[in-house]
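Note: the block below is final_33.cif and it holds mmCIF, C-alpha atoms and all ligand atoms.
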data_entry
#
loop_
_atom_site.label_atom_id
_atom_site.label_comp_id
_atom_site.auth_asym_id
_atom_site.auth_seq_id
_atom_site.Cartn_x
_atom_site.Cartn_y
_atom_site.Cartn_z
CA MET A 1 -5.48 22.72 3.77
CA ARG A 2 -4.51 20.63 0.75
CA LYS A 3 -4.64 16.84 0.83
CA LYS A 4 -1.00 16.03 1.57
CA THR A 5 -1.10 18.53 4.43
CA ALA A 6 -4.46 17.24 5.68
CA LEU A 7 -2.97 13.74 5.89
CA ILE A 8 -0.45 15.08 8.40
CA HIS A 9 -2.40 17.83 10.15
CA GLY A 10 -6.06 16.96 9.53
CA HIS A 11 -6.76 15.65 13.00
CA HIS A 12 -6.34 16.65 16.62
CA HIS A 13 -3.22 15.89 18.52
CA ASP A 14 -2.91 15.28 22.23
CA ASP A 15 -3.18 18.64 23.91
CA ALA A 16 -2.48 17.33 27.41
CA MET A 17 1.10 16.16 26.82
CA GLY A 18 1.85 17.75 23.48
CA SER A 19 2.68 14.45 21.82
CA ILE A 20 3.16 14.72 18.06
CA SER A 21 2.05 11.17 17.46
CA PRO A 22 -1.56 10.43 18.49
CA PRO A 23 -1.71 8.64 21.85
CA ILE A 24 -3.32 5.20 22.06
CA TYR A 25 -6.15 5.30 24.63
CA GLN A 26 -6.25 1.62 25.45
CA SER A 27 -9.27 1.98 27.70
CA SER A 28 -12.75 0.44 27.48
CA SER A 29 -14.26 3.04 29.83
CA PHE A 30 -13.87 6.64 30.97
CA THR A 31 -15.03 7.82 34.38
CA HIS A 32 -18.09 10.00 34.61
CA ILE A 33 -16.70 11.92 37.58
CA GLY A 34 -14.71 15.03 36.74
CA ASN A 35 -14.76 14.06 33.06
CA ASP A 36 -16.78 16.40 30.90
CA SER A 37 -15.45 14.97 27.62
CA ALA A 38 -17.78 12.98 25.41
CA PHE A 39 -16.06 9.72 26.21
CA ARG A 40 -17.82 7.17 28.43
CA TYR A 41 -17.48 3.74 26.86
CA SER A 42 -15.23 2.95 23.91
CA ARG A 43 -17.90 1.27 21.80
CA GLY A 44 -19.60 4.67 21.67
CA GLY A 45 -16.41 6.67 21.34
CA ASN A 46 -12.68 6.46 21.94
CA PRO A 47 -10.20 9.35 21.61
CA THR A 48 -7.77 7.44 19.37
CA ARG A 49 -10.58 6.25 17.11
CA GLN A 50 -12.02 9.76 17.09
CA ASN A 51 -8.68 11.09 15.83
CA LEU A 52 -8.96 8.73 12.87
CA GLU A 53 -12.66 9.47 12.34
CA GLU A 54 -11.98 13.20 12.17
CA LEU A 55 -9.11 12.62 9.77
CA ILE A 56 -11.18 10.60 7.26
CA ALA A 57 -14.12 13.03 7.55
CA HIS A 58 -11.75 15.86 6.74
CA LEU A 59 -10.18 14.01 3.79
CA GLU A 60 -13.56 13.14 2.26
CA GLY A 61 -15.04 16.56 2.95
CA GLY A 62 -17.86 15.16 5.11
CA GLN A 63 -19.45 16.03 8.46
CA ARG A 64 -18.87 12.79 10.34
CA GLY A 65 -16.40 9.92 10.12
CA PHE A 66 -16.69 6.41 11.58
CA ALA A 67 -14.15 3.63 11.97
CA PHE A 68 -14.98 -0.08 11.87
CA ALA A 69 -13.18 -3.36 12.39
CA THR A 70 -13.10 -4.17 8.66
CA GLY A 71 -14.45 -2.85 5.39
CA MET A 72 -17.21 -5.47 5.59
CA ALA A 73 -18.15 -4.29 9.10
CA ALA A 74 -18.48 -0.75 7.70
CA ILE A 75 -20.54 -1.90 4.69
CA THR A 76 -22.81 -4.13 6.81
CA THR A 77 -23.43 -1.32 9.29
CA VAL A 78 -24.44 1.05 6.48
CA LEU A 79 -26.73 -1.60 4.95
CA MET A 80 -28.47 -1.88 8.34
CA MET A 81 -30.10 1.46 7.52
CA LEU A 82 -32.45 -0.69 5.42
CA LYS A 83 -35.48 -2.44 6.87
CA SER A 84 -37.85 -5.20 5.87
CA GLY A 85 -39.78 -4.35 2.72
CA ASP A 86 -37.17 -1.90 1.43
CA GLU A 87 -35.36 -2.32 -1.85
CA LEU A 88 -31.67 -1.80 -2.54
CA VAL A 89 -30.41 -0.87 -6.00
CA ILE A 90 -26.75 -1.81 -6.29
CA CYS A 91 -24.10 -2.07 -8.99
CA ALA A 92 -23.65 -5.59 -10.38
CA ASP A 93 -19.87 -5.35 -10.73
CA LEU A 94 -19.34 -5.53 -7.00
CA TYR A 95 -16.73 -6.49 -4.41
CA GLY A 96 -17.19 -10.23 -3.66
CA GLY A 97 -17.71 -9.76 0.09
CA THR A 98 -20.38 -7.12 -0.46
CA PHE A 99 -22.15 -9.48 -2.85
CA ARG A 100 -22.03 -12.19 -0.16
CA VAL A 101 -23.48 -10.01 2.62
CA ILE A 102 -26.30 -8.98 0.29
CA GLU A 103 -27.04 -12.49 -0.93
CA GLN A 104 -26.72 -14.22 2.44
CA VAL A 105 -27.67 -11.64 5.08
CA LEU A 106 -29.72 -8.83 3.58
CA SER A 107 -31.89 -11.21 1.56
CA GLN A 108 -32.81 -12.96 4.85
CA MET A 109 -34.16 -9.66 6.15
CA ASN A 110 -36.73 -9.34 3.38
CA VAL A 111 -34.83 -6.54 1.65
CA ALA A 112 -35.33 -6.76 -2.12
CA ILE A 113 -32.13 -6.45 -4.15
CA ARG A 114 -31.84 -5.19 -7.66
CA PHE A 115 -28.50 -5.40 -9.45
CA VAL A 116 -27.84 -2.85 -12.19
CA ASP A 117 -24.99 -1.86 -14.46
CA ALA A 118 -24.34 1.45 -12.71
CA SER A 119 -22.09 2.64 -15.55
CA ASP A 120 -25.37 2.93 -17.50
CA SER A 121 -27.19 5.87 -15.87
CA ALA A 122 -30.40 5.25 -17.83
CA ALA A 123 -30.52 1.66 -16.53
CA VAL A 124 -30.17 2.89 -12.94
CA LYS A 125 -32.89 5.49 -13.44
CA ALA A 126 -35.21 2.79 -14.76
CA ALA A 127 -34.39 0.42 -11.87
CA VAL A 128 -35.11 2.78 -8.98
CA THR A 129 -38.71 2.54 -7.73
CA GLN A 130 -40.86 3.92 -4.90
CA ARG A 131 -39.68 1.01 -2.75
CA THR A 132 -35.99 1.74 -3.33
CA LYS A 133 -34.41 3.08 -0.15
CA MET A 134 -30.71 3.08 -1.08
CA LEU A 135 -28.54 3.38 -4.18
CA TYR A 136 -25.09 1.80 -3.82
CA ILE A 137 -22.15 2.10 -6.24
CA GLU A 138 -18.42 1.36 -6.59
CA THR A 139 -16.30 3.42 -8.98
CA PRO A 140 -13.94 2.35 -10.42
CA SER A 141 -15.40 -1.09 -9.80
CA ASN A 142 -13.72 -4.34 -8.88
CA PRO A 143 -12.23 -6.03 -10.88
CA LEU A 144 -13.35 -4.62 -14.25
CA LEU A 145 -12.75 -0.96 -13.30
CA LYS A 146 -16.07 0.17 -14.72
CA VAL A 147 -16.70 3.86 -14.22
CA THR A 148 -19.94 5.16 -12.73
CA ASP A 149 -20.99 8.80 -13.00
CA ILE A 150 -21.32 9.82 -9.35
CA ALA A 151 -23.12 13.10 -10.07
CA ALA A 152 -25.67 11.35 -12.31
CA MET A 153 -26.29 8.76 -9.57
CA ALA A 154 -26.67 11.54 -6.99
CA GLU A 155 -29.32 13.19 -9.14
CA ILE A 156 -31.33 9.95 -9.28
CA ALA A 157 -30.93 9.42 -5.52
CA LYS A 158 -31.96 12.98 -4.73
CA ALA A 159 -35.07 12.74 -6.93
CA HIS A 160 -36.19 9.77 -4.79
CA ASP A 161 -34.94 11.22 -1.51
CA ILE A 162 -32.72 8.19 -0.84
CA PRO A 163 -29.02 8.05 0.10
CA LEU A 164 -26.35 7.47 -2.53
CA VAL A 165 -23.65 5.25 -0.99
CA ALA A 166 -20.26 5.04 -2.73
CA ASP A 167 -17.52 2.51 -1.99
CA ASN A 168 -14.43 4.65 -2.67
CA THR A 169 -11.82 1.99 -1.83
CA PHE A 170 -10.22 1.82 -5.29
CA ALA A 171 -9.87 5.57 -5.85
CA THR A 172 -9.07 6.63 -2.24
CA PRO A 173 -9.86 10.14 -0.96
CA TYR A 174 -6.52 11.22 -2.39
CA TRP A 175 -7.89 10.96 -5.95
CA GLN A 176 -11.65 11.09 -5.57
CA ASN A 177 -14.20 12.59 -3.16
CA PRO A 178 -17.67 11.20 -3.96
CA LEU A 179 -19.36 13.56 -1.46
CA ALA A 180 -18.22 16.52 -3.56
CA HIS A 181 -20.18 15.03 -6.48
CA GLY A 182 -23.37 14.55 -4.50
CA ALA A 183 -22.96 11.18 -2.74
CA ASP A 184 -24.33 11.05 0.82
CA ILE A 185 -22.20 8.30 2.33
CA VAL A 186 -18.69 7.13 1.45
CA ILE A 187 -17.27 3.76 2.47
CA HIS A 188 -13.67 2.53 2.49
CA SER A 189 -12.00 -0.74 3.06
CA ALA A 190 -9.05 0.91 4.82
CA THR A 191 -7.40 -2.52 4.72
CA LYS A 192 -6.33 -1.54 1.21
CA TYR A 193 -4.72 1.79 0.20
CA LEU A 194 -5.47 3.79 3.35
CA GLY A 195 -3.66 1.36 5.64
CA GLY A 196 -1.38 0.51 2.75
CA HIS A 197 1.09 -1.82 4.44
CA SER A 198 -0.73 -5.18 4.61
CA ASP A 199 -0.62 -5.03 8.41
CA LEU A 200 -4.17 -4.20 9.48
CA MET A 201 -7.84 -4.49 8.64
CA ALA A 202 -10.24 -1.58 8.99
CA GLY A 203 -13.29 0.05 7.46
CA LEU A 204 -14.30 3.72 7.33
CA VAL A 205 -17.54 5.56 6.66
CA VAL A 206 -18.06 9.29 6.09
CA THR A 207 -21.42 11.04 5.87
CA ARG A 208 -21.99 14.31 4.07
CA ASP A 209 -24.45 15.66 6.61
CA ASP A 210 -25.25 15.24 10.24
CA ILE A 211 -28.62 13.56 9.66
CA TYR A 212 -27.05 10.49 8.09
CA GLY A 213 -24.19 10.97 10.56
CA LYS A 214 -26.52 10.51 13.53
CA ARG A 215 -28.04 7.38 12.00
CA ILE A 216 -24.63 5.81 11.34
CA LYS A 217 -23.43 6.83 14.80
CA ARG A 218 -26.38 5.06 16.40
CA LEU A 219 -25.83 1.94 14.27
CA GLN A 220 -22.08 1.93 14.96
CA ASN A 221 -22.62 2.09 18.72
CA THR A 222 -25.48 -0.42 18.62
CA ILE A 223 -23.92 -3.05 16.36
CA GLY A 224 -20.47 -2.49 17.87
CA ALA A 225 -18.21 -3.52 14.97
CA ILE A 226 -15.77 -0.73 15.87
CA LEU A 227 -12.05 -0.38 15.26
CA GLY A 228 -9.89 -0.73 18.37
CA PRO A 229 -7.46 1.98 19.54
CA GLN A 230 -4.28 0.12 18.49
CA ASP A 231 -5.48 -0.37 14.92
CA SER A 232 -6.83 3.19 14.84
CA PHE A 233 -3.34 4.40 15.66
CA LEU A 234 -1.78 2.12 13.04
CA LEU A 235 -4.20 3.31 10.38
CA ILE A 236 -3.49 6.99 11.13
CA ARG A 237 0.19 6.16 10.82
CA GLY A 238 -0.33 4.43 7.48
CA MET A 239 -2.47 7.25 6.12
CA ARG A 240 0.21 9.85 6.70
CA THR A 241 2.00 8.61 3.59
CA LEU A 242 -1.14 8.04 1.49
CA GLY A 243 -0.28 10.96 -0.79
CA LEU A 244 3.28 9.78 -1.42
CA ARG A 245 2.18 6.22 -1.97
CA MET A 246 -0.68 7.09 -4.33
CA GLU A 247 1.60 9.29 -6.44
CA ALA A 248 4.21 6.52 -6.67
CA ILE A 249 1.59 3.86 -7.39
CA GLU A 250 -0.01 6.08 -10.06
CA ALA A 251 3.30 6.57 -11.86
CA ASN A 252 4.24 2.88 -11.71
CA THR A 253 0.80 1.79 -12.89
CA ARG A 254 0.81 4.09 -15.91
CA VAL A 255 4.17 2.70 -17.02
CA LEU A 256 3.02 -0.91 -16.65
CA ALA A 257 -0.37 -0.27 -18.30
CA GLU A 258 1.37 1.33 -21.27
CA TRP A 259 3.67 -1.68 -21.57
CA LEU A 260 1.01 -4.38 -21.02
CA LYS A 261 -1.36 -2.85 -23.56
CA ASP A 262 0.82 -4.04 -26.45
CA HIS A 263 1.94 -7.34 -24.96
CA PRO A 264 0.95 -10.29 -27.20
CA ALA A 265 -0.11 -12.45 -24.22
CA VAL A 266 -2.65 -9.88 -23.05
CA LYS A 267 -6.01 -10.45 -24.75
CA LYS A 268 -7.82 -7.61 -23.04
CA MET A 269 -6.89 -4.94 -20.55
CA TYR A 270 -8.96 -2.88 -18.12
CA TYR A 271 -7.49 0.35 -16.76
CA PRO A 272 -9.45 3.61 -16.26
CA GLY A 273 -6.68 5.57 -18.01
CA PHE A 274 -7.29 3.57 -21.20
CA ALA A 275 -11.06 3.20 -20.92
CA ASP A 276 -13.34 4.07 -23.83
CA ALA A 277 -13.75 7.80 -24.38
CA ALA A 278 -17.12 8.10 -22.63
CA SER A 279 -15.99 6.26 -19.47
CA LYS A 280 -12.71 8.14 -19.41
CA ALA A 281 -14.50 11.49 -19.66
CA VAL A 282 -16.70 10.56 -16.69
CA HIS A 283 -13.72 9.33 -14.68
CA ASP A 284 -11.64 12.43 -15.46
CA LYS A 285 -14.55 14.67 -14.39
CA GLN A 286 -14.73 13.14 -10.90
CA SER A 287 -11.26 11.78 -10.18
CA ASP A 288 -7.68 13.08 -10.27
CA GLY A 289 -5.95 9.73 -10.77
CA TYR A 290 -6.44 6.32 -12.38
CA GLY A 291 -5.32 4.31 -9.36
CA GLY A 292 -3.14 1.26 -9.03
CA VAL A 293 -5.21 -1.58 -10.42
CA ILE A 294 -4.88 -3.08 -13.89
CA THR A 295 -6.98 -6.08 -14.83
CA ILE A 296 -5.90 -8.23 -17.77
CA GLU A 297 -7.36 -11.18 -19.56
CA LEU A 298 -4.99 -13.90 -20.70
CA GLU A 299 -5.63 -16.73 -23.15
CA SER A 300 -6.80 -19.35 -20.67
CA GLN A 301 -7.27 -20.19 -17.03
CA GLN A 302 -4.11 -22.27 -17.19
CA LYS A 303 -2.12 -19.31 -18.56
CA ALA A 304 -3.51 -17.10 -15.80
CA GLU A 305 -2.54 -19.59 -13.11
CA GLU A 306 0.96 -20.06 -14.56
CA PHE A 307 1.43 -16.31 -14.79
CA ALA A 308 0.36 -15.76 -11.19
CA ARG A 309 2.60 -18.58 -9.95
CA ARG A 310 5.64 -17.32 -11.82
CA CYS A 311 5.53 -13.72 -10.57
CA ARG A 312 8.14 -12.97 -7.94
CA TYR A 313 7.38 -9.42 -6.83
CA PHE A 314 3.66 -9.54 -7.51
CA VAL A 315 2.57 -11.65 -4.56
CA LEU A 316 -0.41 -13.93 -5.03
CA ALA A 317 -2.94 -12.53 -2.54
CA ASP A 318 -6.60 -11.65 -2.04
CA SER A 319 -5.88 -8.06 -1.14
CA LEU A 320 -4.77 -4.94 -3.04
CA GLY A 321 -3.61 -1.41 -2.41
CA ALA A 322 -0.44 -2.18 -0.50
CA VAL A 323 3.17 -1.08 -0.85
CA GLU A 324 3.93 -4.50 -2.32
CA SER A 325 2.52 -5.40 -5.72
CA MET A 326 -0.14 -8.11 -5.70
CA ILE A 327 -1.74 -10.46 -8.18
CA ASN A 328 -5.16 -12.04 -7.93
CA ILE A 329 -7.10 -14.50 -10.08
CA SER A 330 -10.52 -12.91 -9.66
CA ALA A 331 -12.68 -15.94 -10.50
CA GLN A 332 -11.02 -18.13 -7.88
CA MET A 333 -10.15 -15.53 -5.27
CA SER A 334 -11.86 -12.16 -4.84
CA HIS A 335 -14.97 -13.24 -6.78
CA GLY A 336 -15.07 -16.89 -5.72
CA SER A 337 -18.37 -16.28 -3.95
CA PHE A 338 -20.17 -15.23 -7.16
CA PRO A 339 -22.31 -17.90 -8.85
CA VAL A 340 -20.45 -18.98 -12.02
CA LYS A 341 -23.21 -17.95 -14.43
CA GLU A 342 -23.50 -14.43 -13.00
CA ARG A 343 -19.74 -14.06 -12.78
CA LEU A 344 -19.26 -14.95 -16.44
CA ALA A 345 -22.16 -12.69 -17.45
CA LEU A 346 -20.35 -9.81 -15.75
CA GLY A 347 -17.23 -10.53 -17.79
CA ILE A 348 -15.20 -11.98 -14.93
CA SER A 349 -13.78 -14.92 -16.85
CA ASP A 350 -11.53 -17.69 -15.53
CA SER A 351 -8.55 -16.12 -17.28
CA LEU A 352 -8.93 -12.69 -15.69
CA VAL A 353 -6.00 -11.51 -13.57
CA ARG A 354 -6.08 -8.42 -11.34
CA LEU A 355 -2.81 -6.64 -10.71
CA SER A 356 -2.41 -4.23 -7.81
CA VAL A 357 0.71 -2.19 -8.43
CA GLY A 358 2.93 -1.29 -5.46
CA ILE A 359 5.76 1.15 -4.92
CA GLU A 360 8.69 -1.08 -5.91
CA ASP A 361 11.07 0.05 -8.68
CA VAL A 362 8.97 -0.08 -11.83
CA GLU A 363 11.77 -1.66 -13.87
CA ASP A 364 11.81 -4.63 -11.51
CA LEU A 365 8.03 -4.90 -11.78
CA LYS A 366 8.18 -4.81 -15.56
CA GLU A 367 10.89 -7.47 -15.66
CA ASP A 368 8.85 -9.59 -13.26
CA LEU A 369 5.74 -9.44 -15.46
CA ALA A 370 7.83 -10.02 -18.59
CA GLN A 371 9.42 -13.22 -17.31
CA ALA A 372 6.10 -14.50 -15.93
CA LEU A 373 4.26 -13.83 -19.21
CA ALA A 374 7.03 -15.28 -21.39
C1 LIG B 1 -11.58 -5.28 0.32
C2 LIG B 1 -12.78 -4.53 -0.09
C3 LIG B 1 -13.89 -4.47 0.76
C4 LIG B 1 -13.98 -5.21 2.09
O1 LIG B 1 -13.08 -4.75 3.03
P1 LIG B 1 -12.40 -5.66 4.16
O2 LIG B 1 -11.54 -4.71 4.87
O3 LIG B 1 -11.68 -6.77 3.46
O4 LIG B 1 -13.52 -6.20 5.01
C5 LIG B 1 -14.96 -3.70 0.33
N1 LIG B 1 -14.95 -3.05 -0.86
C6 LIG B 1 -13.90 -3.11 -1.69
C7 LIG B 1 -13.94 -2.37 -2.98
C8 LIG B 1 -12.78 -3.85 -1.34
O5 LIG B 1 -11.74 -3.92 -2.19
#

Now that the file is in, can you turn its structure into structure tokens?
Ligand SMILES: *Cc1c(COP(=O)(O)O)cnc(C)c1O
Amino acid sequence: MRKKTALIHGHHHDDAMGSISPPIYQSSSFTHIGNDSAFRYSRGGNPTRQNLEELIAHLEGGQRGFAFATGMAAITTVLMMLKSGDELVICADLYGGTFRVIEQVLSQMNVAIRFVDASDSAAVKAAVTQRTKMLYIETPSNPLLKVTDIAAMAEIAKAHDIPLVADNTFATPYWQNPLAHGADIVIHSATKYLGGHSDLMAGLVVTRDDIYGKRIKRLQNTIGAILGPQDSFLLIRGMRTLGLRMEAIEANTRVLAEWLKDHPAVKKMYYPGFADAASKAVHDKQSDGYGGVITIELESQQKAEEFARRCRYFVLADSLGAVESMINISAQMSHGSFPVKERLALGISDSLVRLSVGIEDVEDLKEDLAQALA
């Protein structure tokens, strides 16, 4: 089954009534009498959520899928595989919320944290020690769209017998399957492209094998940050058009990237399609698309703020990956929780603007950017 077909047929439908659309089992509990299904209590399992969990497992090519209340709930649950005394090696160019949970929660649990530039495989190899119990990456990263070689990371993780965890939010399973390149666990903020319509929050996890699957299952049921049946239904509904949306977003983004690259107001541009040759080769090896995010650097913070304020179709918002185009001033918004010194060292300057391209008519988007940059 190819991806566009899997998005429609990659999960079970209701056999009892023959409904085409997955039913919403709005029930906390299932009776034990005369019920030989696996369902007992919805924290441990719910048929609507299971539909979604099977769908994402299928799309990522993994054994087990898990749905959570938000991307952060998914990430936090996975990080709970770590225990006191362990060390986490994690990419420095990281989603702001993940940085916060590491700095404020994980550090309280006596887990040592080592930030590395994961686009530099040699640096990662040098950073991993006997104490390291997890390697965590994002590719392309947020907001600088740095590319990390998943297979090279998997080799390092395997040599130390530790899981490689990949946040695949930016690429989506439509363009990139980290498990196929050796990752053990994939995470999504389904709030972004998978949901795609700015109407729900959700997080997803997929494990390559059943051993990690059992561990995540136990943590999911124990911690309880699960996705409810209504939102599970809504996410399945959103995901049905993921293929169409990603194709449209890809085409729009290429046009805008091509146009922005030569614009005099743009000092610097980040887009995987125009990355340096080495990064592009790595990205092309592991991914079938460049995605919908372009990050640009303007002349000053003031110019960035003016630009964001003047856009009409690019809505000023913290999120990305929706049908509507969005604009974000990284330093103040998505990366506001980073200490200034570390943020600037990463290259996330005050004049950096992240664009998330939607599915509007690309000519309107171009005109919008042109008038706002003028
Ligand atoms: C948004 C995002 C998250 C967090 O997901 P929420 O659904 O907002 O909790 C994690 N990783 C990346 C890359 C994101 O963009």

Return as an NGL selection string the residues of protein, DNA or RNA that approach ligand LIG 1 (chain B) to within 8 Å, with all atoms listed in the file taken into account.
:A and (69-75 or 94-98 or 138 or 141-142 or 167-170 or 187-192 or 201-203 or 319-320)

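Counting all atoms listed in the file and comparing A:Pro23, A:Glu342, A:Phe68, A:Gln371, the residue that lies closest to A:Phe99 is A:Glu342.
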
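The residue that comes closest to A:Phe30, out of A:Val186, A:Pro47, A:Asp210, A:Ile327 and on the basis of all atoms listed in the file, is A:Pro47.
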
For a quick check of your reading of the model, name the residues lying within 12 Å of the coordinate (-30.3, 4.9, -14.4), counting all atoms listed in the file, and write them as a ChimeraX atom specification.
/A:89-91,115-129,135,137,148-157,159

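As for atom CA of A:Asp231 and atom CA of A:Thr48, they are spaced 9.3 Å apart.
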
One number please: atom CA of A:Leu244 to atom CA of A:Asp288, in Å, one decimal.
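According to the coordinates, atom CA of A:Leu244 and atom CA of A:Asp288 are separated by 14.5 Å.
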
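For the atom pair formed by atom CA of A:Pro173 and atom CA of A:Ser337, the distance is 27.9 Å, given to one decimal.
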
Which of these residues is nearest to A:Val282, using only C-alpha atoms: A:Lys158, A:Lys261, A:Lys83, A:His181?
A:His181

Put the listed atoms of stretch 230-240 of chain A in a box along x, y and z with 8 Å added on every side and give me the centre and edge lengths in Å to one decimal, as JSON.
{"center_x": -3.3, "center_y": 4.7, "center_z": 12.3, "size_x": 23.0, "size_y": 26.2, "size_z": 28.4}

Give me the residues near A:Pro143 as number ranges by chain, where near means some atom within 12 Å (using all atoms listed in the file) and where sequence neighbours in that chain fewer than 3 positions away do not count.
A: 92-96, 138-140, 146-147, 170, 269-272, 292-297, 318-320, 327-331, 333-335, 343, 346-349, 352-356

At a cut-off of 10 Å, using all atoms listed in the file, what residues contact A:Met134? Leave out same-chain residues fewer than 6 positions from it and give the result as a list in words.
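Counting all atoms listed in the file, the residues come to Leu79, Met81, Leu82, Asp86, Glu87, Leu88, Val89, Ile90, Val128, Ala157, His160, Asp161, Ile162, Pro163, Leu164 and Val165 of chain A.
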
Output file for the selection above: C-alpha atoms, as a PDB file, keeping the file's coordinate frame:
ATOM      1  CA  LEU A  79     -26.730  -1.600   4.950  1.00  0.00           C
ATOM      2  CA  MET A  81     -30.100   1.460   7.520  1.00  0.00           C
ATOM      3  CA  LEU A  82     -32.450  -0.690   5.420  1.00  0.00           C
ATOM      4  CA  ASP A  86     -37.170  -1.900   1.430  1.00  0.00           C
ATOM      5  CA  GLU A  87     -35.360  -2.320  -1.850  1.00  0.00           C
ATOM      6  CA  LEU A  88     -31.670  -1.800  -2.540  1.00  0.00           C
ATOM      7  CA  VAL A  89     -30.410  -0.870  -6.000  1.00  0.00           C
ATOM      8  CA  ILE A  90     -26.750  -1.810  -6.290  1.00  0.00           C
ATOM      9  CA  VAL A 128     -35.110   2.780  -8.980  1.00  0.00           C
ATOM     10  CA  ALA A 157     -30.930   9.420  -5.520  1.00  0.00           C
ATOM     11  CA  HIS A 160     -36.190   9.770  -4.790  1.00  0.00           C
ATOM     12  CA  ASP A 161     -34.940  11.220  -1.510  1.00  0.00           C
ATOM     13  CA  ILE A 162     -32.720   8.190  -0.840  1.00  0.00           C
ATOM     14  CA  PRO A 163     -29.020   8.050   0.100  1.00  0.00           C
ATOM     15  CA  LEU A 164     -26.350   7.470  -2.530  1.00  0.00           C
ATOM     16  CA  VAL A 165     -23.650   5.250  -0.990  1.00  0.00           C
TER      17      VAL A 165
END

Closest to A:Gly10 among A:Asn51, A:Asn35, A:Thr207, A:Asn221, using all atoms listed in the file?
A:Asn51

Would you kindly return, as a count of residues only, each protein, DNA or RNA residue with an atom no farther than 12 Å from any atom of A:Ala180, considering all atoms listed in the file and excluding same-chain residues fewer than 2 positions away?
24

With C-alpha atoms as the atom set, please write stretch 67-117 of chain A from the structure just given, as a short mmCIF file (atom, residue, chain, number, x, y, z; two decimals), in the first residue's frame.
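What ended up in decode02.cif:
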data_model
loop_
_atom_site.label_atom_id
_atom_site.label_comp_id
_atom_site.auth_asym_id
_atom_site.auth_seq_id
_atom_site.Cartn_x
_atom_site.Cartn_y
_atom_site.Cartn_z
CA ALA A 67 -1.32 8.85 20.66
CA PHE A 68 -0.89 11.60 23.25
CA ALA A 69 -2.63 14.80 24.25
CA THR A 70 0.06 17.02 22.70
CA GLY A 71 3.47 16.73 21.10
CA MET A 72 5.01 17.70 24.44
CA ALA A 73 3.07 14.92 26.20
CA ALA A 74 4.52 12.46 23.66
CA ILE A 75 8.07 13.81 24.05
CA THR A 76 7.88 13.87 27.87
CA THR A 77 6.58 10.29 27.95
CA VAL A 78 9.46 9.10 25.76
CA LEU A 79 11.99 10.99 27.93
CA MET A 80 10.60 9.13 30.97
CA MET A 81 12.46 6.07 29.67
CA LEU A 82 15.49 7.76 31.28
CA LYS A 83 16.32 7.39 34.95
CA SER A 84 18.50 9.11 37.50
CA GLY A 85 22.18 8.94 36.58
CA ASP A 86 21.53 8.50 32.87
CA GLU A 87 22.76 10.91 30.24
CA LEU A 88 20.85 12.23 27.24
CA VAL A 89 22.66 13.40 24.10
CA ILE A 90 20.39 15.75 22.17
CA CYS A 91 20.64 18.13 19.23
CA ALA A 92 21.21 21.76 20.23
CA ASP A 93 18.98 23.21 17.50
CA LEU A 94 15.83 22.04 19.23
CA TYR A 95 12.12 22.82 19.48
CA GLY A 96 11.68 25.40 22.29
CA GLY A 97 9.24 23.27 24.32
CA THR A 98 11.56 20.26 24.22
CA PHE A 99 14.39 22.47 25.43
CA ARG A 100 12.17 23.64 28.31
CA VAL A 101 11.17 20.14 29.44
CA ILE A 102 14.82 19.11 29.42
CA GLU A 103 16.05 22.20 31.25
CA GLN A 104 13.24 22.36 33.79
CA VAL A 105 12.02 18.79 34.31
CA LEU A 106 14.64 16.28 33.22
CA SER A 107 17.48 18.19 34.90
CA GLN A 108 15.54 17.92 38.20
CA MET A 109 15.62 14.13 37.86
CA ASN A 110 19.41 13.97 37.85
CA VAL A 111 19.59 13.15 34.14
CA ALA A 112 22.72 14.67 32.61
CA ILE A 113 22.13 16.53 29.34
CA ARG A 114 24.62 17.05 26.60
CA PHE A 115 23.74 19.28 23.67
CA VAL A 116 25.47 18.58 20.36
CA ASP A 117 25.33 19.83 16.80
#
